[in-house]
Amino acid sequence: MNNPYTDDSKDRKAAMDMDTISKTVFAKVYPLIARQILVDHKICAGTCIDLGSGPGTLSICLAQITDLQIFALDQSRHSHAIATANIREQGLEKRITPVTSDICDLPFGDNYADLMVSRGSIFFWQDLKGAFNEIYRVLKPGGKTHIGGGFGSKELKVSIFEQMAKKGDSFARQSKDRMSPETLDRIKTALDNSHASRYTISLSGGGFWIHITKEEHL
C-alpha cells in the first residue's frame, strides 16, 4: 500500500484530480454511498468523522441528508484547501469542519464519534494496524464505521470503468490491485491484530466496507 502522494507536487495534482473526478465521473457515487450509510446505520445526528475525505464530497453528501456534525479529515494540505472551498460553496461551514491530520494520530478524544466513514483512503494508509487502533479509540461504544471502497452499485462501477478506460489511464489496474485478495488479507490481518478485532466486512458489487463494533460500557 505505497502512498504516491508524499511528494508535495504530486499531492497537489492528486488533490486537484480527485476534486475534478468527484464532480464528474464519480458524481453519482457519493450521494449513493451517503444514502447507503444512512440506511445501513441509521445514524442521522451526532458526530461523524470522514477519514481521508479528499475534496470533502462524501462529507457534503452526508451533511445534506442528515443532521450530523462532520469533521472532514485528510492529511493533505491541498485536499484540505479544496475541501474548505467546496464546503463553503455549499454553505455548510457550520456543519462540516475540515481537519488536517494523520490517520494514526487523530485529534479527537476517546469515545468521541458516533459514526466514522471513509471511501477509498484505506488503500493509502501506511500503518493499517495503527489506523485501526486510532479509529477504535475515537469511536464511541455503540458507534458505527463504514470504511472501505466502492462505487455504490455494480452498474455505476461498470459505467465508471468504461468512462475511465476512455481516458487511457491505469485506473482499472489500480482498482484491481486495491481489491486484490492480497490487499484484503493485509487489511484483515491488521484488523485482527488491532484493538478493532470485532468487525464484519461486507463485499458486494457496490463495494467493500468494514463495520467495526465497539461494545457499550456496562
# chains A, B, ... in the order shown; residues from 1 in each chain; ligands from 1
>>> select_by_dssp(residues="range 18-180 of chain A", states="helix (DSSP H, G or I)", output="JSON, numbers by chain")
{"A": [18, 19, 20, 21, 22, 29, 30, 31, 32, 33, 34, 35, 36, 37, 38, 39, 40, 41, 57, 58, 59, 60, 61, 62, 63, 64, 65, 77, 78, 79, 80, 81, 82, 83, 84, 85, 86, 87, 88, 89, 121, 122, 123, 124, 128, 129, 130, 131, 132, 133, 134, 135, 136, 137, 138, 154, 155, 156, 157, 158, 159, 160, 161, 162, 163, 164, 165, 166, 171, 172, 173, 174, 175, 176, 177, 178]}
>>> atom_distance(atom1="CA of Leu92 in chain A", atom2="CA of Ala14 in chain A")
24.0 Å
>>> residues_around(residues="Ser9 in chain A", least_positions_apart="5", cutoff="12 Å", atoms="only C-alpha atoms", output="list of chain:residue names")
A:Pro4, A:Ala14, A:Ala15, A:Met16, A:Ser76, A:Arg77, A:His78
>>> closest_residue(among="A:Arg12, A:Leu128, A:Thr145, A:Ser59", to="Thr189 in chain A", atoms="only C-alpha atoms")
A:Leu128
>>> select_by_dssp(residues="range 20-54 of chain A", states="strand (DSSP E)", output="ChimeraX atom specification")
/A:47-51
>>> write_last_selection(atoms="C-alpha atoms", output="mmCIF file, in the first residue's frame")
data_model
loop_
_atom_site.group_PDB
_atom_site.id
_atom_site.type_symbol
_atom_site.label_atom_id
_atom_site.label_comp_id
_atom_site.auth_asym_id
_atom_site.auth_seq_id
_atom_site.Cartn_x
_atom_site.Cartn_y
_atom_site.Cartn_z
ATOM 1 C CA THR A 47 -20.621 13.452 15.392
ATOM 2 C CA CYS A 48 -19.176 11.954 12.208
ATOM 3 C CA ILE A 49 -15.550 11.808 11.066
ATOM 4 C CA ASP A 50 -14.814 11.336 7.365
ATOM 5 C CA LEU A 51 -11.312 9.828 7.213
#
